[in-house]
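Visitor: data.cif is reproduced in full below (mmCIF, C-alpha atoms).
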```cif
data_upload
#
loop_
_atom_site.label_atom_id
_atom_site.label_comp_id
_atom_site.auth_asym_id
_atom_site.auth_seq_id
_atom_site.Cartn_x
_atom_site.Cartn_y
_atom_site.Cartn_z
CA MET A 9 -20.33 40.73 186.82
CA ALA A 10 -19.20 42.06 183.44
CA ALA A 11 -21.56 44.99 183.98
CA VAL A 12 -19.68 46.16 187.07
CA ALA A 13 -16.20 45.40 185.73
CA PRO A 14 -15.58 48.96 184.42
CA GLY A 15 -16.29 50.34 187.88
CA ILE A 16 -13.96 47.87 189.55
CA ALA A 17 -11.33 48.59 186.92
CA ALA A 18 -11.43 52.35 187.47
CA TRP A 19 -11.23 51.77 191.19
CA GLY A 20 -8.27 49.37 190.81
CA LEU A 21 -6.52 51.88 188.58
CA MET A 22 -6.82 54.61 191.20
CA THR A 23 -5.68 52.27 193.97
CA GLY A 24 -2.59 51.50 191.88
CA VAL A 25 -1.93 55.19 191.40
CA ALA A 26 -2.41 55.85 195.11
CA MET A 27 0.10 53.14 196.06
CA MET A 28 2.79 54.57 193.83
CA LYS A 29 2.13 58.14 194.93
CA SER A 30 2.37 57.14 198.56
CA GLY A 31 6.00 56.15 198.14
CA LEU A 32 5.98 52.37 197.86
CA SER A 33 8.57 51.14 195.35
CA LEU A 34 7.58 49.75 191.97
CA VAL A 35 8.20 46.15 192.99
CA GLU A 36 6.37 46.63 196.28
CA SER A 37 3.36 48.23 194.59
CA LEU A 38 3.20 45.45 192.02
CA ALA A 39 3.46 42.76 194.68
CA MET A 40 0.72 44.47 196.64
CA ALA A 41 -1.54 44.72 193.58
CA MET A 42 -1.07 41.11 192.53
CA LEU A 43 -0.94 39.28 195.86
CA VAL A 44 -2.98 41.10 198.48
CA PHE A 45 -6.05 41.47 196.24
CA ALA A 46 -8.09 43.48 198.71
CA GLY A 47 -8.48 47.18 197.99
CA SER A 48 -9.40 48.37 201.45
CA SER A 49 -6.68 46.40 203.18
CA GLN A 50 -4.11 47.60 200.62
CA LEU A 51 -5.08 51.21 201.24
CA ALA A 52 -5.13 50.78 205.01
CA ALA A 53 -1.76 49.02 205.17
CA MET A 54 0.13 51.51 203.01
CA PRO A 55 0.62 54.31 205.51
CA LEU A 56 1.55 51.80 208.21
CA ILE A 57 4.20 50.16 206.03
CA LEU A 58 5.65 53.54 205.15
CA ALA A 59 5.68 54.60 208.79
CA GLY A 60 7.62 51.45 209.64
CA ALA A 61 4.95 50.12 212.01
CA PRO A 62 5.56 46.69 213.62
CA VAL A 63 4.58 43.75 211.42
CA TRP A 64 1.89 42.50 213.79
CA VAL A 65 0.20 45.90 213.80
CA ILE A 66 0.09 45.93 209.99
CA LEU A 67 -1.22 42.37 209.77
CA ALA A 68 -3.78 42.98 212.54
CA THR A 69 -4.96 46.06 210.67
CA GLY A 70 -5.34 44.04 207.50
CA PHE A 71 -7.28 41.43 209.46
CA CYS A 72 -9.69 43.95 210.96
CA VAL A 73 -10.27 45.70 207.67
CA ASN A 74 -11.06 42.28 206.21
CA LEU A 75 -13.35 41.21 209.06
CA ARG A 76 -16.39 41.60 206.85
CA PHE A 77 -15.03 38.74 204.75
CA VAL A 78 -15.16 36.54 207.85
CA VAL A 79 -18.89 37.27 208.00
CA PHE A 80 -19.19 36.49 204.28
CA SER A 81 -17.35 33.18 204.72
CA LEU A 82 -19.80 32.19 207.46
CA HIS A 83 -22.63 32.83 205.00
CA LEU A 84 -20.95 30.96 202.15
CA ARG A 85 -19.91 27.97 204.24
CA PRO A 86 -22.81 25.69 203.27
CA TYR A 87 -22.11 26.38 199.59
CA MET A 88 -18.46 25.38 199.90
CA MET A 89 -18.00 22.54 202.36
CA HIS A 90 -18.33 19.69 199.83
CA LEU A 91 -15.10 20.85 198.17
CA PRO A 92 -11.56 19.82 199.17
CA LEU A 93 -9.69 22.23 201.43
CA TRP A 94 -7.50 23.83 198.77
CA ARG A 95 -10.52 24.55 196.59
CA ARG A 96 -12.32 26.11 199.54
CA MET A 97 -9.36 28.32 200.34
CA LEU A 98 -8.82 29.29 196.70
CA GLY A 99 -12.51 30.07 196.36
CA GLY A 100 -12.37 32.12 199.53
CA TYR A 101 -9.27 34.02 198.44
CA LEU A 102 -10.95 35.01 195.19
CA THR A 103 -14.29 35.97 196.73
CA ALA A 104 -14.29 39.73 197.14
CA ASP A 105 -17.22 41.96 198.07
CA LEU A 106 -18.95 42.02 194.72
CA THR A 107 -18.42 38.34 194.00
CA TYR A 108 -20.07 37.52 197.32
CA VAL A 109 -22.96 39.90 196.83
CA LEU A 110 -23.74 38.74 193.30
CA PHE A 111 -23.40 35.08 194.25
CA THR A 112 -25.80 35.21 197.19
CA LYS A 113 -28.21 37.23 195.07
CA ARG A 114 -28.23 34.67 192.29
CA PHE A 115 -28.26 31.64 194.61
CA PRO A 116 -30.11 32.59 197.81
CA HIS A 117 -30.07 28.99 199.05
CA PRO A 118 -27.31 26.40 199.16
CA VAL A 119 -28.06 22.94 197.84
CA SER A 120 -28.13 20.24 200.49
CA VAL A 121 -27.26 17.08 198.66
CA ALA A 122 -28.76 14.04 200.36
CA SER A 123 -25.53 12.06 200.39
CA ASP A 124 -23.89 14.70 202.57
CA THR A 125 -26.27 14.14 205.42
CA MET A 126 -26.64 10.36 205.17
CA ASN A 127 -24.10 7.85 206.29
CA SER A 128 -22.11 6.95 203.24
CA GLY A 129 -23.10 3.28 203.65
CA ALA A 130 -26.77 4.13 203.40
CA LEU A 131 -26.45 5.53 199.94
CA HIS A 132 -27.01 2.65 197.57
CA ALA A 133 -28.68 3.27 194.28
CA TYR A 134 -31.07 0.36 194.67
CA SER A 135 -32.23 1.51 198.05
CA MET A 136 -33.47 4.80 196.66
CA PRO A 137 -36.63 5.36 194.66
CA ALA A 138 -36.04 6.55 191.10
CA SER A 139 -37.29 10.04 191.86
CA GLY A 140 -34.78 10.26 194.69
CA GLN A 141 -31.93 9.43 192.35
CA ASN A 142 -33.05 12.05 189.88
CA SER A 143 -33.31 14.74 192.47
CA LEU A 144 -29.87 13.77 193.78
CA LYS A 145 -28.47 14.19 190.28
CA ASN A 146 -30.23 17.52 189.94
CA ASP A 147 -28.86 18.65 193.27
CA ILE A 148 -25.31 17.80 192.27
CA ALA A 149 -25.73 19.53 188.92
CA GLU A 150 -27.14 22.59 190.66
CA ARG A 151 -24.20 22.61 193.05
CA GLU A 152 -21.78 22.51 190.14
CA ARG A 153 -23.64 25.37 188.48
CA GLN A 154 -23.21 27.40 191.65
CA GLN A 155 -19.48 26.74 191.76
CA ALA A 156 -19.09 27.55 188.07
CA TYR A 157 -20.86 30.86 188.59
CA LEU A 158 -18.75 31.69 191.64
CA LEU A 159 -15.43 30.88 189.99
CA GLY A 160 -16.32 32.56 186.70
CA ASN A 161 -17.34 35.73 188.47
CA SER A 162 -14.24 35.58 190.64
CA LEU A 163 -12.00 35.43 187.59
CA VAL A 164 -13.72 38.38 185.89
CA ASN A 165 -13.46 40.28 189.15
CA TRP A 166 -9.82 39.29 189.66
CA SER A 167 -8.72 40.37 186.22
CA SER A 168 -10.72 43.59 186.30
CA TRP A 169 -9.05 44.44 189.60
CA VAL A 170 -5.48 43.25 189.20
CA PHE A 171 -4.72 44.42 185.63
CA PRO A 172 -5.95 48.00 186.14
CA CYS A 173 -4.26 48.11 189.54
CA VAL A 174 -0.96 47.14 187.87
CA SER A 175 -1.62 49.69 185.10
CA GLY A 176 -2.25 52.33 187.74
CA VAL A 177 1.10 51.51 189.34
CA LEU A 178 2.86 51.79 185.99
CA LEU A 179 1.03 54.91 184.80
CA ALA A 180 0.95 56.68 188.17
CA ASN A 181 2.68 59.77 186.85
CA PHE A 182 0.25 60.28 184.01
CA ILE A 183 -3.09 59.95 185.81
CA PRO A 184 -3.98 62.86 188.08
CA GLN A 185 -5.97 61.79 191.12
CA ALA A 186 -7.97 65.00 190.71
CA TRP A 187 -9.96 63.38 187.93
CA GLY A 188 -11.71 61.31 190.54
CA LEU A 189 -11.97 58.20 188.42
CA GLY A 190 -12.19 56.14 191.59
CA PHE A 191 -15.79 57.35 191.89
CA ALA A 192 -16.75 54.84 189.19
CA GLY A 193 -16.04 52.12 191.75
CA ILE A 194 -18.50 53.70 194.17
CA LEU A 195 -21.09 53.90 191.39
CA ALA A 196 -20.64 50.18 190.71
CA LEU A 197 -21.41 49.56 194.39
CA VAL A 198 -24.44 51.88 194.20
CA GLY A 199 -25.85 49.88 191.30
CA ILE A 200 -25.41 46.60 193.12
CA ALA A 201 -26.90 47.95 196.34
CA CYS A 202 -29.97 49.12 194.38
CA SER A 203 -30.35 45.70 192.82
CA LEU A 204 -30.27 44.12 196.28
CA ALA A 205 -32.98 46.36 197.69
CA THR A 206 -35.70 43.86 196.85
CA SER A 207 -37.70 44.15 200.05
CA GLN A 208 -38.65 46.89 202.48
CA LEU A 209 -36.58 45.44 205.28
CA ARG A 210 -33.52 45.25 203.07
CA THR A 211 -33.97 48.92 202.21
CA VAL A 212 -34.22 49.63 205.92
CA SER A 213 -31.03 47.62 206.40
CA ALA A 214 -29.23 49.78 203.81
CA LEU A 215 -30.42 53.05 205.37
CA ILE A 216 -29.46 52.03 208.89
CA ALA A 217 -26.09 50.66 207.84
CA GLY A 218 -25.35 53.81 205.84
CA ALA A 219 -26.17 56.04 208.78
CA ALA A 220 -24.27 53.84 211.23
CA GLY A 221 -21.29 53.75 208.88
CA VAL A 222 -21.14 57.54 209.00
CA VAL A 223 -21.75 57.85 212.75
CA ALA A 224 -19.13 55.22 213.60
CA PHE A 225 -16.65 56.47 211.01
CA ALA A 226 -14.21 57.65 213.66
CA LEU A 227 -13.55 54.06 214.76
CA PRO A 228 -10.10 52.86 213.76
CA LEU A 229 -9.39 50.16 211.17
CA ARG A 230 -12.65 50.74 209.28
CA LEU A 231 -14.48 48.90 212.04
CA ASN A 232 -17.39 51.22 211.25
CA ILE A 233 -18.36 48.83 208.45
CA LEU A 234 -18.60 45.89 210.82
CA VAL A 235 -20.53 47.90 213.42
CA ALA A 236 -22.91 49.07 210.70
CA ILE A 237 -23.58 45.52 209.49
CA GLY A 238 -24.21 44.39 213.06
CA VAL A 239 -26.61 47.23 213.87
CA ALA A 240 -28.53 46.88 210.60
CA VAL A 241 -28.95 43.11 210.96
CA VAL A 242 -30.09 43.35 214.58
CA VAL A 243 -32.61 46.09 213.81
CA CYS A 244 -34.00 44.20 210.81
CA LEU A 245 -34.34 40.99 212.82
CA SER A 246 -36.24 42.89 215.51
CA LEU A 247 -38.50 44.50 212.92
CA GLU A 248 -39.24 41.09 211.43
CA ARG A 249 -41.25 40.27 214.54
CA PHE A 250 -43.70 43.00 213.69
CA ARG A 251 -43.84 42.15 210.00
CA PRO A 252 -43.69 38.37 210.11
CA LEU A 253 -45.11 37.87 206.64
CA MET A 254 -42.70 40.16 204.88
CA ASP A 255 -39.29 39.20 203.68
CA THR A 256 -39.78 35.51 204.02
CA LYS A 257 -38.38 35.25 200.52
CA PRO A 258 -35.04 36.86 199.83
CA MET B 6 9.14 56.56 192.12
CA SER B 7 11.67 57.31 194.80
CA ALA B 8 11.48 54.47 197.27
CA SER B 9 13.67 51.41 197.05
CA THR B 10 12.44 47.89 197.61
CA ASP B 11 13.35 46.12 200.80
CA LEU B 12 12.76 42.56 201.87
CA TRP B 13 10.97 43.50 205.07
CA THR B 14 8.26 45.30 203.13
CA LEU B 15 7.91 42.41 200.69
CA ALA B 16 7.55 40.00 203.61
CA VAL B 17 4.82 42.20 205.07
CA ILE B 18 3.04 42.21 201.71
CA VAL B 19 3.14 38.41 201.56
CA GLY B 20 1.81 38.40 205.12
CA LEU B 21 -1.09 40.61 204.02
CA ALA B 22 -1.85 38.20 201.19
CA VAL B 23 -2.04 35.39 203.75
CA VAL B 24 -4.40 37.54 205.82
CA THR B 25 -6.62 37.91 202.75
CA VAL B 26 -6.78 34.14 202.30
CA VAL B 27 -7.45 33.44 205.98
CA THR B 28 -10.17 36.05 206.43
CA ARG B 29 -11.98 35.20 203.22
CA SER B 30 -12.04 31.47 203.88
CA PHE B 31 -12.24 31.75 207.67
CA PHE B 32 -15.26 29.50 208.16
CA PHE B 33 -14.32 27.13 205.34
CA ILE B 34 -11.18 25.84 206.99
CA SER B 35 -12.53 23.51 209.66
CA LYS B 36 -14.68 20.64 208.52
CA LYS B 37 -16.28 20.28 211.91
CA ASP B 38 -20.02 20.24 211.62
CA PHE B 39 -21.94 23.16 212.93
CA HIS B 40 -25.24 24.74 212.08
CA LEU B 41 -26.29 28.30 212.29
CA PRO B 42 -29.32 29.05 214.42
CA GLY B 43 -32.37 30.14 212.40
CA TRP B 44 -32.21 33.78 213.44
CA ALA B 45 -28.63 34.02 212.21
CA GLN B 46 -29.58 32.52 208.87
CA ARG B 47 -32.38 35.05 208.48
CA GLY B 48 -30.09 37.83 209.63
CA LEU B 49 -27.53 37.05 206.96
CA GLN B 50 -29.90 38.10 204.19
CA TYR B 51 -29.59 41.68 205.44
CA ALA B 52 -25.79 41.60 205.66
CA PRO B 53 -24.71 42.08 202.02
CA ILE B 54 -26.69 45.26 201.41
CA ALA B 55 -25.69 46.58 204.84
CA ALA B 56 -22.01 46.03 204.07
CA LEU B 57 -22.30 47.81 200.73
CA SER B 58 -24.22 50.71 202.17
CA ALA B 59 -21.74 51.10 205.04
CA VAL B 60 -18.95 51.41 202.47
CA ILE B 61 -20.82 53.66 200.03
CA ILE B 62 -22.56 56.26 202.18
CA PRO B 63 -19.43 57.52 204.00
CA GLU B 64 -17.66 57.74 200.63
CA ILE B 65 -20.43 60.01 199.38
CA VAL B 66 -21.23 62.28 202.32
CA MET B 67 -17.88 62.56 204.11
CA THR B 68 -14.56 64.21 203.37
CA GLN B 69 -11.51 63.39 205.50
CA GLY B 70 -13.65 61.89 208.22
CA GLN B 71 -16.02 64.88 208.44
CA LEU B 72 -19.62 65.05 207.27
CA ILE B 73 -19.72 67.46 204.33
CA SER B 74 -21.42 70.79 205.04
CA SER B 75 -21.98 71.94 201.48
CA LEU B 76 -24.45 70.62 198.94
CA LYS B 77 -22.03 71.63 196.21
CA ASP B 78 -20.51 68.20 196.03
CA ALA B 79 -20.29 66.31 192.77
CA ARG B 80 -20.49 62.95 194.57
CA LEU B 81 -24.04 63.57 195.86
CA TYR B 82 -25.44 64.23 192.40
CA GLY B 83 -23.35 61.55 190.71
CA ALA B 84 -24.66 58.92 193.15
CA MET B 85 -28.27 60.12 192.97
CA VAL B 86 -28.28 60.13 189.18
CA GLY B 87 -26.50 56.76 189.16
CA ALA B 88 -29.22 55.26 191.40
CA ALA B 89 -32.00 56.84 189.31
CA VAL B 90 -30.48 55.51 186.09
CA PHE B 91 -30.24 52.09 187.71
CA TYR B 92 -33.97 52.03 188.48
CA TRP B 93 -34.72 53.23 184.98
CA ARG B 94 -32.51 50.84 183.03
CA ARG B 95 -31.99 48.04 185.62
CA ASP B 96 -28.35 47.84 184.65
CA THR B 97 -25.18 48.56 186.61
CA LEU B 98 -23.14 49.64 183.60
CA SER B 99 -25.70 52.37 182.79
CA CYS B 100 -25.61 53.36 186.45
CA ILE B 101 -21.83 53.87 186.28
CA ALA B 102 -22.01 55.70 182.95
CA GLY B 103 -24.89 57.97 183.99
CA GLY B 104 -23.36 58.76 187.37
CA MET B 105 -19.96 59.59 185.87
CA ALA B 106 -21.63 61.74 183.18
CA VAL B 107 -22.94 63.97 185.98
CA TYR B 108 -19.99 63.64 188.36
CA LEU B 109 -17.11 64.46 186.01
CA PRO B 110 -18.44 67.77 184.60
CA LEU B 111 -19.48 68.99 188.04
CA ARG B 112 -16.07 68.13 189.45
CA LEU B 113 -13.80 69.14 186.61
CA LEU B 114 -15.69 72.18 185.27
CA LEU B 115 -17.32 73.59 188.40
CA GLY B 116 -14.79 72.28 190.90
CA TRP B 117 -17.47 70.75 193.17
#
```
Show the structure stored in the file as structure tokens.
Guide:
Amino acid sequence: MAAVAPGIAAWGLMTGVAMMKSGLSLVESLAMAMLVFAGSSQLAAMPLILAGAPVWVILATGFCVNLRFVVFSLHLRPYMMHLPLWRRMLGGYLTADLTYVLFTKRFPHPVSVASDTMNSGALHAYSMPASGQNSLKNDIAERERQQAYLLGNSLVNWSSWVFPCVSGVLLANFIPQAWGLGFAGILALVGIACSLATSQLRTVSALIAGAAGVVAFALPLRLNILVAIGVAVVVCLSLERFRPLMDTKP
Amino acid sequence: MSASTDLWTLAVIVGLAVVTVVTRSFFFISKKDFHLPGWAQRGLQYAPIAALSAVIIPEIVMTQGQLISSLKDARLYGAMVGAAVFYWRRDTLSCIAGGMAVYLPLRLLLGW
């Protein structure tokens, strides 16, 4: 995560600059940077707020732009459900694109701890063989490692987004957008995408999603991203039938 | 620097923050048991890279919603060099540095 932080930071900086330039007030831009914590939804909501659009339209726009996070949360569900509700929601709030991608790359499989699936009454130490107890301990330790990784990454990501975004708001008049520093954010995404392309079908998925993202670009509310994910996943699942032995391991 | 702050806008911003929380933890909220069918589980391994690519590619080959028509575009070369550097060094920081090293001169000196 530290390796991509400079890219996120440059991107956050330019988002901060863009918010100030668009005509939001200082307090509004700061609140946006610190609370909303979602670059694409910040950028999409700005023009609507300035145009005085109805609240529900702005919130619905934010929701649609964030729809990909709904897909991510479906994926992350088995990693999270052992936690109390507030921890799940805090974890969710902090899990942005890169945190999700890096997490699922590092931990392709959730841990299913035996006690979750058994009736609680059935879990007595003496009723389990020693090896079972050990593996249960290992499972719980592994689950804690996963959470530590997720939260640690989230905090690095949060600070490398929020602080530069606030700096961008404050320094808006000194940083010309013409420099194109925001491109560093795209390059951070390029690096991560390359690191994910570990199988042929995943590369196919990237190519199809990229093309679909361009073709469907005219859709409102950045729905092109969601369409592209859908098309790429469906195509890859269909291709799996012809290449059953490939991509069994993520 | 001109606009003044009003409560309506602040309320909308708080609303957007709530939207962020709800969308990102959408499937964490209910504890009700449900299991994904196998095809969906397999499908999810293609989702992260698809999402990234769907964000990246339009940012590189489009301007204001139109496919670019000129190859004189600093983004193309910045991204290609960034990807090449990634495969060479296996490191995202080098990818950012290498890509920017090509992108900034092309953009600022040649105006691409």
Visitor: Distance cut-off 7 Å, counting all atoms listed in the file - which residues of chain B neighbour chain A? Return them as a PyMOL selection string.
Guide: chain B and resi 6-10+14-15+17-18+20-22+24-26+28-34+48-63+70+84+87-88+91+97-98+100-101+104-105
Visitor: How would the residues just picked look written out with C-alpha atoms as a tab-separated table (two decimals), keeping the file's coordinate frame?
Guide:
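Result file follows (again30.tsv):
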```tsv
chain	number	residue	atom	x	y	z
B	6	MET	CA	9.14	56.56	192.12
B	7	SER	CA	11.67	57.31	194.80
B	8	ALA	CA	11.48	54.47	197.27
B	9	SER	CA	13.67	51.41	197.05
B	10	THR	CA	12.44	47.89	197.61
B	14	THR	CA	8.26	45.30	203.13
B	15	LEU	CA	7.91	42.41	200.69
B	17	VAL	CA	4.82	42.20	205.07
B	18	ILE	CA	3.04	42.21	201.71
B	20	GLY	CA	1.81	38.40	205.12
B	21	LEU	CA	-1.09	40.61	204.02
B	22	ALA	CA	-1.85	38.20	201.19
B	24	VAL	CA	-4.40	37.54	205.82
B	25	THR	CA	-6.62	37.91	202.75
B	26	VAL	CA	-6.78	34.14	202.30
B	28	THR	CA	-10.17	36.05	206.43
B	29	ARG	CA	-11.98	35.20	203.22
B	30	SER	CA	-12.04	31.47	203.88
B	31	PHE	CA	-12.24	31.75	207.67
B	32	PHE	CA	-15.26	29.50	208.16
B	33	PHE	CA	-14.32	27.13	205.34
B	34	ILE	CA	-11.18	25.84	206.99
B	48	GLY	CA	-30.09	37.83	209.63
B	49	LEU	CA	-27.53	37.05	206.96
B	50	GLN	CA	-29.90	38.10	204.19
B	51	TYR	CA	-29.59	41.68	205.44
B	52	ALA	CA	-25.79	41.60	205.66
B	53	PRO	CA	-24.71	42.08	202.02
B	54	ILE	CA	-26.69	45.26	201.41
B	55	ALA	CA	-25.69	46.58	204.84
B	56	ALA	CA	-22.01	46.03	204.07
B	57	LEU	CA	-22.30	47.81	200.73
B	58	SER	CA	-24.22	50.71	202.17
B	59	ALA	CA	-21.74	51.10	205.04
B	60	VAL	CA	-18.95	51.41	202.47
B	61	ILE	CA	-20.82	53.66	200.03
B	62	ILE	CA	-22.56	56.26	202.18
B	63	PRO	CA	-19.43	57.52	204.00
B	70	GLY	CA	-13.65	61.89	208.22
B	84	ALA	CA	-24.66	58.92	193.15
B	87	GLY	CA	-26.50	56.76	189.16
B	88	ALA	CA	-29.22	55.26	191.40
B	91	PHE	CA	-30.24	52.09	187.71
B	97	THR	CA	-25.18	48.56	186.61
B	98	LEU	CA	-23.14	49.64	183.60
B	100	CYS	CA	-25.61	53.36	186.45
B	101	ILE	CA	-21.83	53.87	186.28
B	104	GLY	CA	-23.36	58.76	187.37
B	105	MET	CA	-19.96	59.59	185.87
```
Visitor: What gap, in Å, lies between atom CA of Leu144 of chain A and atom CA of Phe115 of chain A?
Guide: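 Separating atom CA of Leu144 of chain A from atom CA of Phe115 of chain A is a distance of 18.0 Å.
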Visitor: Leaving out Pro110 of chain B and any residue of its chain fewer than 2 positions from it, which residues lie within 12 Å of it when counting all atoms listed in the file, given as a ChimeraX atom specification?
Guide: /A:187-188 /B:78-80,82-83,103-108,112-117
Visitor: Can you measure atom CA of Pro118 of chain A to atom CA of Gln155 of chain A for me? One decimal in Å is fine.
Guide: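 Distance between the two atoms: 10.8 Å.
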Visitor: Could you tell me how far atom CA of Lys37 of chain B sits from atom CA of Lys145 of chain A, in Å to one decimal place?
Guide: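 Rounded to one decimal, the two atoms are 25.6 Å apart.
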Visitor: Go ahead and fit an axis-aligned box to every listed atom of segment 8-25 of chain B plus 8 Å each side, and pass me the centre and edge lengths in Å, one decimal, as AutoDock Vina command-line options.
Guide:
```
--center_x 3.5 --center_y 44.9 --center_z 201.4 --size_x 36.3 --size_y 35.1 --size_z 24.8
```
Visitor: If we count all atoms listed in the file and set the cut-off at 7 Å, which residues sit around Pro172 of chain A, ignoring sequence neighbours fewer than 3 positions away in its own chain? Please answer as a PyMOL selection string.
Guide: chain A and resi 17+20-21+168-169+175-176
Visitor: Since the input is missing atoms, can you rebuild all heavy atoms for segment 91-98 of chain B and write them as an mmCIF file, in the frame of the given file?
Guide:
```cif
data_model
loop_
_atom_site.group_PDB
_atom_site.id
_atom_site.type_symbol
_atom_site.label_atom_id
_atom_site.label_comp_id
_atom_site.auth_asym_id
_atom_site.auth_seq_id
_atom_site.Cartn_x
_atom_site.Cartn_y
_atom_site.Cartn_z
ATOM 1 N N PHE B 91 -30.114 53.532 187.472
ATOM 2 C CA PHE B 91 -30.240 52.090 187.710
ATOM 3 C C PHE B 91 -31.702 51.663 187.715
ATOM 4 O O PHE B 91 -32.072 50.659 187.114
ATOM 5 C CB PHE B 91 -29.582 51.674 189.025
ATOM 6 C CG PHE B 91 -29.708 50.204 189.256
ATOM 7 C CD1 PHE B 91 -28.759 49.335 188.739
ATOM 8 C CD2 PHE B 91 -30.814 49.657 189.900
ATOM 9 C CE1 PHE B 91 -28.893 47.973 188.881
ATOM 10 C CE2 PHE B 91 -30.958 48.294 190.048
ATOM 11 C CZ PHE B 91 -29.987 47.461 189.537
ATOM 12 N N TYR B 92 -32.560 52.434 188.414
ATOM 13 C CA TYR B 92 -33.970 52.030 188.480
ATOM 14 C C TYR B 92 -34.657 52.151 187.139
ATOM 15 O O TYR B 92 -35.616 51.429 186.861
ATOM 16 C CB TYR B 92 -34.699 52.842 189.568
ATOM 17 C CG TYR B 92 -34.395 52.266 190.923
ATOM 18 C CD1 TYR B 92 -33.590 52.929 191.833
ATOM 19 C CD2 TYR B 92 -34.873 50.994 191.272
ATOM 20 C CE1 TYR B 92 -33.269 52.370 193.054
ATOM 21 C CE2 TYR B 92 -34.562 50.424 192.487
ATOM 22 C CZ TYR B 92 -33.768 51.117 193.374
ATOM 23 O OH TYR B 92 -33.455 50.549 194.569
ATOM 24 N N TRP B 93 -34.143 53.055 186.305
ATOM 25 C CA TRP B 93 -34.720 53.230 184.980
ATOM 26 C C TRP B 93 -34.302 52.086 184.054
ATOM 27 O O TRP B 93 -35.127 51.427 183.430
ATOM 28 C CB TRP B 93 -34.295 54.595 184.426
ATOM 29 C CG TRP B 93 -34.684 54.853 183.018
ATOM 30 C CD1 TRP B 93 -35.886 54.549 182.430
ATOM 31 C CD2 TRP B 93 -33.882 55.474 182.011
ATOM 32 N NE1 TRP B 93 -35.870 54.949 181.119
ATOM 33 C CE2 TRP B 93 -34.659 55.518 180.830
ATOM 34 C CE3 TRP B 93 -32.593 56.007 181.984
ATOM 35 C CZ2 TRP B 93 -34.167 56.061 179.650
ATOM 36 C CZ3 TRP B 93 -32.125 56.554 180.811
ATOM 37 C CH2 TRP B 93 -32.903 56.582 179.657
ATOM 38 N N ARG B 94 -33.004 51.810 184.007
ATOM 39 C CA ARG B 94 -32.510 50.840 183.030
ATOM 40 C C ARG B 94 -32.269 49.443 183.617
ATOM 41 O O ARG B 94 -32.057 48.486 182.884
ATOM 42 C CB ARG B 94 -31.183 51.322 182.420
ATOM 43 C CG ARG B 94 -31.283 52.656 181.718
ATOM 44 C CD ARG B 94 -32.029 52.536 180.394
ATOM 45 N NE ARG B 94 -31.382 51.619 179.492
ATOM 46 C CZ ARG B 94 -30.446 51.954 178.607
ATOM 47 N NH1 ARG B 94 -30.053 53.203 178.523
ATOM 48 N NH2 ARG B 94 -29.914 51.054 177.815
ATOM 49 N N ARG B 95 -32.248 49.334 184.968
ATOM 50 C CA ARG B 95 -31.990 48.040 185.620
ATOM 51 C C ARG B 95 -30.635 47.466 185.212
ATOM 52 O O ARG B 95 -30.513 46.287 184.857
ATOM 53 C CB ARG B 95 -33.080 47.026 185.278
ATOM 54 C CG ARG B 95 -34.407 47.333 185.899
ATOM 55 C CD ARG B 95 -34.482 46.824 187.308
ATOM 56 N NE ARG B 95 -35.311 47.692 188.120
ATOM 57 C CZ ARG B 95 -35.328 47.632 189.445
ATOM 58 N NH1 ARG B 95 -34.560 46.791 190.084
ATOM 59 N NH2 ARG B 95 -36.086 48.439 190.128
ATOM 60 N N ASP B 96 -29.612 48.298 185.205
ATOM 61 C CA ASP B 96 -28.350 47.840 184.650
ATOM 62 C C ASP B 96 -27.216 48.623 185.302
ATOM 63 O O ASP B 96 -27.231 49.848 185.337
ATOM 64 C CB ASP B 96 -28.411 48.053 183.125
ATOM 65 C CG ASP B 96 -27.042 47.964 182.485
ATOM 66 O OD1 ASP B 96 -26.231 47.164 182.980
ATOM 67 O OD2 ASP B 96 -26.810 48.691 181.516
ATOM 68 N N THR B 97 -26.240 47.902 185.846
ATOM 69 C CA THR B 97 -25.180 48.560 186.610
ATOM 70 C C THR B 97 -24.256 49.376 185.721
ATOM 71 O O THR B 97 -23.770 50.428 186.124
ATOM 72 C CB THR B 97 -24.366 47.503 187.373
ATOM 73 O OG1 THR B 97 -25.256 46.704 188.123
ATOM 74 C CG2 THR B 97 -23.399 48.163 188.325
ATOM 75 N N LEU B 98 -24.020 48.900 184.500
ATOM 76 C CA LEU B 98 -23.140 49.640 183.600
ATOM 77 C C LEU B 98 -23.728 51.018 183.283
ATOM 78 O O LEU B 98 -23.017 52.033 183.297
ATOM 79 C CB LEU B 98 -22.935 48.838 182.308
ATOM 80 C CG LEU B 98 -21.758 49.255 181.437
ATOM 81 C CD1 LEU B 98 -20.489 49.310 182.276
ATOM 82 C CD2 LEU B 98 -21.578 48.257 180.309
#
```
